[in-house]
Amino acid sequence: MAWFRFLLVHCLIVFVRSEVESENHEEPTATASAFCNTECNQQLQNRLETIEAAIRTIVSAVSGQTDDIFSPIKEIFQQDPSVRSILSLNFTSTIESISGNSTLKINSVPLAQGNAHGNQPAAETAVDTLKGAVKCSLAHLVDINTTDYIDSSNSSTDAAVVASLFNESLDITWPILSAECLKFSSGVWIRVYQQAPEGDYNLQPETSLYVPQKCLKKNFETSYSIVLLPSSSNEKNNSCAFSLARNLIQCRVYVIEVIPNFQSLRGKTLRTEIVVPPKIKKTDEADFRSLISVAAHSNSLLLNWEDNSGCSPQLTSFTLKIFQDGIVDKVERPNMTVTIPRSCLKRSANEDNLFSLVLPANQLTCPIEWKPLDRCRKYRIDMSSKYSATWNGPSSSWEIFTEQSLSNYTTEVSDVMWRCPKKHFMCPYNYNCISSDHSWVCSGGIECSHRRDEEYCDQSVCNKDGFRCGRQCVPKELVCDGKHDCLDGSDEDDCSTNVKCEQLTNQSGHFSSEIFTKPAAEIHPERISDAVRKTIVLISVQSNHQIWLTFDKFTTVINQDFLKVYDGPYSTSPLLLSHSGPTKPPSVRSSSNELFVEFPSHYDIDYKVEGSYASIKGTDESFEPGCGGYLNGEGTISTPNYSSDTGIADCYWLIGSRQSDDLILLRRNPSDVKHPTAAFFSSRTYPEMIVYDGWSTDGLVLYDTKSTESQQKTVVYSVSNKMMVHFKPPKIKENHISYWDVFKISTPQCKNYLEGTSGTIKSPNYPMPYPHLTDCRWTISVKPGSKVRLLFAFFQTQQGADFISVYDGPTVNEKLLLSESGSVPTPFVVNSSTNQVLVRFTSDGDTSLSGFLAVYLSL
């Protein structure tokens, strides 16, 4: 019995020491830190080793007992391999005591009996406490069938440690593994340390913090939590206010460990990771994706981007994936994937978060494998920045179009070369066409300027996959690079460098094939095919918009040089239009926000292609070529043939001008007049026509055939530089197409702003005839509270075409006080109801009339 009392006393000593040390941790002073330094960690390690030795002694001692009270503990021991290794020892042998070198003989002894009051004996209480502490500390190693036990290795969220940061405070929540173990729990150890990147050993030291049970916050019946305050917290006098040894660094990865403490016996470690988010300097809606700008060519790629994640100092590398557009594949695979270390990046001297990179890079300082991109093709770039061994920034994407412009060749190569047949060149020495095999080439002499006849004469280059052009040998990397290196230009024959391409991204724009200016007579017949270049234009506008495309000028070789328009961003998109010859093709409209346009560019200036486009918000309404379209500035629009069986219904024409100060004049084509004006507009055989200012049906209605006032007009003037014409089918369909001429009026100098109590306004050149295609406006302002009186002393304009309009305010949206044309008896007066009026004078064509003269007064 004495030996068992000694064993229990020994265990109690271990527990008492544990509780004393726990109490010491529970009452930190204002100067002492709750974190362990190196010395403290060593003391903890020594203490754990002492406890483990005690456990081995206890396991050996208890396993040697034959009393039934020890049977449950023995069953637990038998289920764990590490405990069975202790049981394999000879329990009749001597075991070294922790308190000294004396030995004890382990024999079966009876337990102490209860006292007279029926209380549980002290020895039995100690055994139960020991049993519970051992059970809970080994719960993750042995199979204990407790109904409320949750396996911490389970991947479910119920058994996970959750850590989050708020105002630099670390909030940690972990599950309660077993309600049965709560009575044996004395607290937890919490460890917070930075995760080590590969090969980095200079890390923030590991910190350990002991939190007693009384300071843990119980969340319902399922979990505990604790909040660790920032190191600068001033709550250190609170015994349950625990602080981080140092504040966590943004953009770093930290490991959070929670270790249950059961009467000095350590339970299974619960672990999670946390990434410290960057400090937000902008609004909560700030976009943390890297902002990329790209200049893409076939053989190079320039990236400039702003790393606005807030973690740019921790950036270690980024991965670049390039996807080729236009390839139909069920599984999207990148055309190229490269990982670029930080050392390859250039940084701005003024901004730490601005980076740039040029590919291909210098292979000596930055060995990155790079494959040239296809010319005139659309790609998508995905970039993901890496900041630590386990944390990548959000991926960002950018669409690029590889532009390839024709080089500006020297006069000797570009102008003179075309006069000679293929495989020949013209040297200024004698201005004759000379074969590239001529003995002058690579002879050592200087027959041509700039010694071009003596370049690329190393024959060994041809033996290394070089390109032979006569007596010259050009390195293979110079072939099809957009520059003529051979004297005869053959290194660029049959190359896609004969293509010039560009991408247009504005809401509206213009393009032209007028690139070369050489007369066709100066081109040798064998070079005619080489003298025709292909131009590619990719039009990309904002999402949810569609592109309206029209051609202002168009002349190509019929049935030979074709214009092709594709409904999408590449040449494999559906073909919308294919056209050649001397006539302009009809307008087209895209179904998405991109169009791919191919057309020829000639040396002969008689052949030309000019196009314009505009974008508006997308619609699901179908579009039929010829049923409406887009017109840039000037031209002719027409109604569709409503007598056909195509099912054409409403048709829209968008008319615009690139200059915001311009306006649009719409006038019926004189050759199409068959009836008097009033009869024409009221005829049931002609489509209903509504004209809006702007490109929306919400705009100001300028003309409507249902209006009796509109029936007196032969022309329609816009207010802005945009006009929309809407045709509706007539009640009686006939095989007749009507045409209207469209003119652009550009008179920005005729805008006048007048102030004062009186003044004079008059038509341009008065009393001489006023000019045609004029839009003049006078905004008159007098003192607030006053009114404007206009006295017209002379009024003579072209009837039904040239109008004088007066509005009761500074814009055309105000009440219309006057709208007259022709010869009007004078004098007459127009009075406003406000202190401002707008007088507008418009003319459509040549005239010999003088216009008008008016005087204004303030009332």
# chains A, B, ... in the order shown; residues from 1 in each chain; ligands from 1
>>> residues_around(residues="Trp391 (chain A)", least_positions_apart="5", cutoff="8 Å", atoms="only C-alpha atoms", output="VMD selection string")
chain A and resid 253 275 386
>>> residues_around(residues="Arg452 (chain A)", least_positions_apart="5", cutoff="12 Å", atoms="only C-alpha atoms", output="list in words")
Thr410, Glu412, Val413, Phe425, Met426, Cys427, Pro428, Ser436, Trp440, Val441, Cys442, Ser443, Gly444, Gly445, Ile446, Glu447, Cys457, Gln472, His484, Asp485, Cys486, Leu487 and Asp488 of chain A
>>> write_last_selection(atoms="C-alpha atoms", output="PDB file, in the first residue's frame")
ATOM      1  CA  THR A 410      14.088  52.520 -97.429  1.00  0.00           C
ATOM      2  CA  GLU A 412      16.268  51.756-102.314  1.00  0.00           C
ATOM      3  CA  VAL A 413      14.447  48.632-101.200  1.00  0.00           C
ATOM      4  CA  PHE A 425      16.995  44.160-107.717  1.00  0.00           C
ATOM      5  CA  MET A 426      17.802  47.645-108.943  1.00  0.00           C
ATOM      6  CA  CYS A 427      21.102  49.132-107.840  1.00  0.00           C
ATOM      7  CA  PRO A 428      21.452  52.940-108.084  1.00  0.00           C
ATOM      8  CA  SER A 436      20.528  38.638-107.171  1.00  0.00           C
ATOM      9  CA  TRP A 440      28.427  42.289-108.138  1.00  0.00           C
ATOM     10  CA  VAL A 441      26.685  40.823-105.125  1.00  0.00           C
ATOM     11  CA  CYS A 442      29.098  39.699-102.392  1.00  0.00           C
ATOM     12  CA  SER A 443      32.084  40.595-104.589  1.00  0.00           C
ATOM     13  CA  GLY A 444      33.840  42.734-102.008  1.00  0.00           C
ATOM     14  CA  GLY A 445      33.217  45.932-103.938  1.00  0.00           C
ATOM     15  CA  ILE A 446      30.733  48.700-103.153  1.00  0.00           C
ATOM     16  CA  GLU A 447      28.306  48.995-106.051  1.00  0.00           C
ATOM     17  CA  CYS A 457      27.471  37.145 -97.686  1.00  0.00           C
ATOM     18  CA  GLN A 472      23.161  36.209-100.082  1.00  0.00           C
ATOM     19  CA  HIS A 484      13.312  43.264 -96.627  1.00  0.00           C
ATOM     20  CA  ASP A 485      16.815  42.052 -95.860  1.00  0.00           C
ATOM     21  CA  CYS A 486      17.541  40.425 -99.235  1.00  0.00           C
ATOM     22  CA  LEU A 487      18.272  42.774-102.099  1.00  0.00           C
ATOM     23  CA  ASP A 488      15.500  41.179-104.157  1.00  0.00           C
TER      24      ASP A 488
END
>>> atom_distance(atom1="CA of Trp370 (chain A)", atom2="CA of Ser300 (chain A)")
9.0 Å
>>> select_by_dssp(residues="region 174-370 of chain A", states="strand (DSSP E or B)", output="ChimeraX atom specification")
/A:174-175,185-194,207-212,217-219,223-229,242-243,253-262,265-266,270-275,291-297,300-306,317-324,336-341,346-347,354-359
>>> residues_around(residues="Val812 (chain A)", least_positions_apart="4", cutoff="12 Å", atoms="only C-alpha atoms", output="MDAnalysis selection string")
chainID A and resid 693 700:702 717:720 777:779 805:808 816:819 836:840
>>> closest_residue(among="A:Leu576, A:Ala649, A:Leu665, A:Ala854", to="Phe727 (chain A)", atoms="only C-alpha atoms")
A:Ala649
>>> closest_residue(among="A:Ser348, A:Ser580, A:Ser821, A:Ser571", to="Gly800 (chain A)", atoms="only C-alpha atoms")
A:Ser821
>>> residues_around(residues="Gly756 (chain A)", least_positions_apart="6", cutoff="10 Å", atoms="only C-alpha atoms", output="list in words")
Ile780, Ser781, Val782, Lys783, Tyr856, Leu857 and Ser858 of chain A
>>> closest_residue(among="A:Ser298, A:Ser513, A:Ser71, A:Ser395", to="Tyr379 (chain A)", atoms="only C-alpha atoms")
A:Ser298
>>> atom_distance(atom1="CA of Leu302 (chain A)", atom2="CA of Thr316 (chain A)")
19.6 Å
>>> residues_around(residues="region 650-660 of chain A", least_positions_apart="6", cutoff="8 Å", atoms="only C-alpha atoms", output="ChimeraX atom specification")
/A:627-633,637,639-640,695,720-729,744
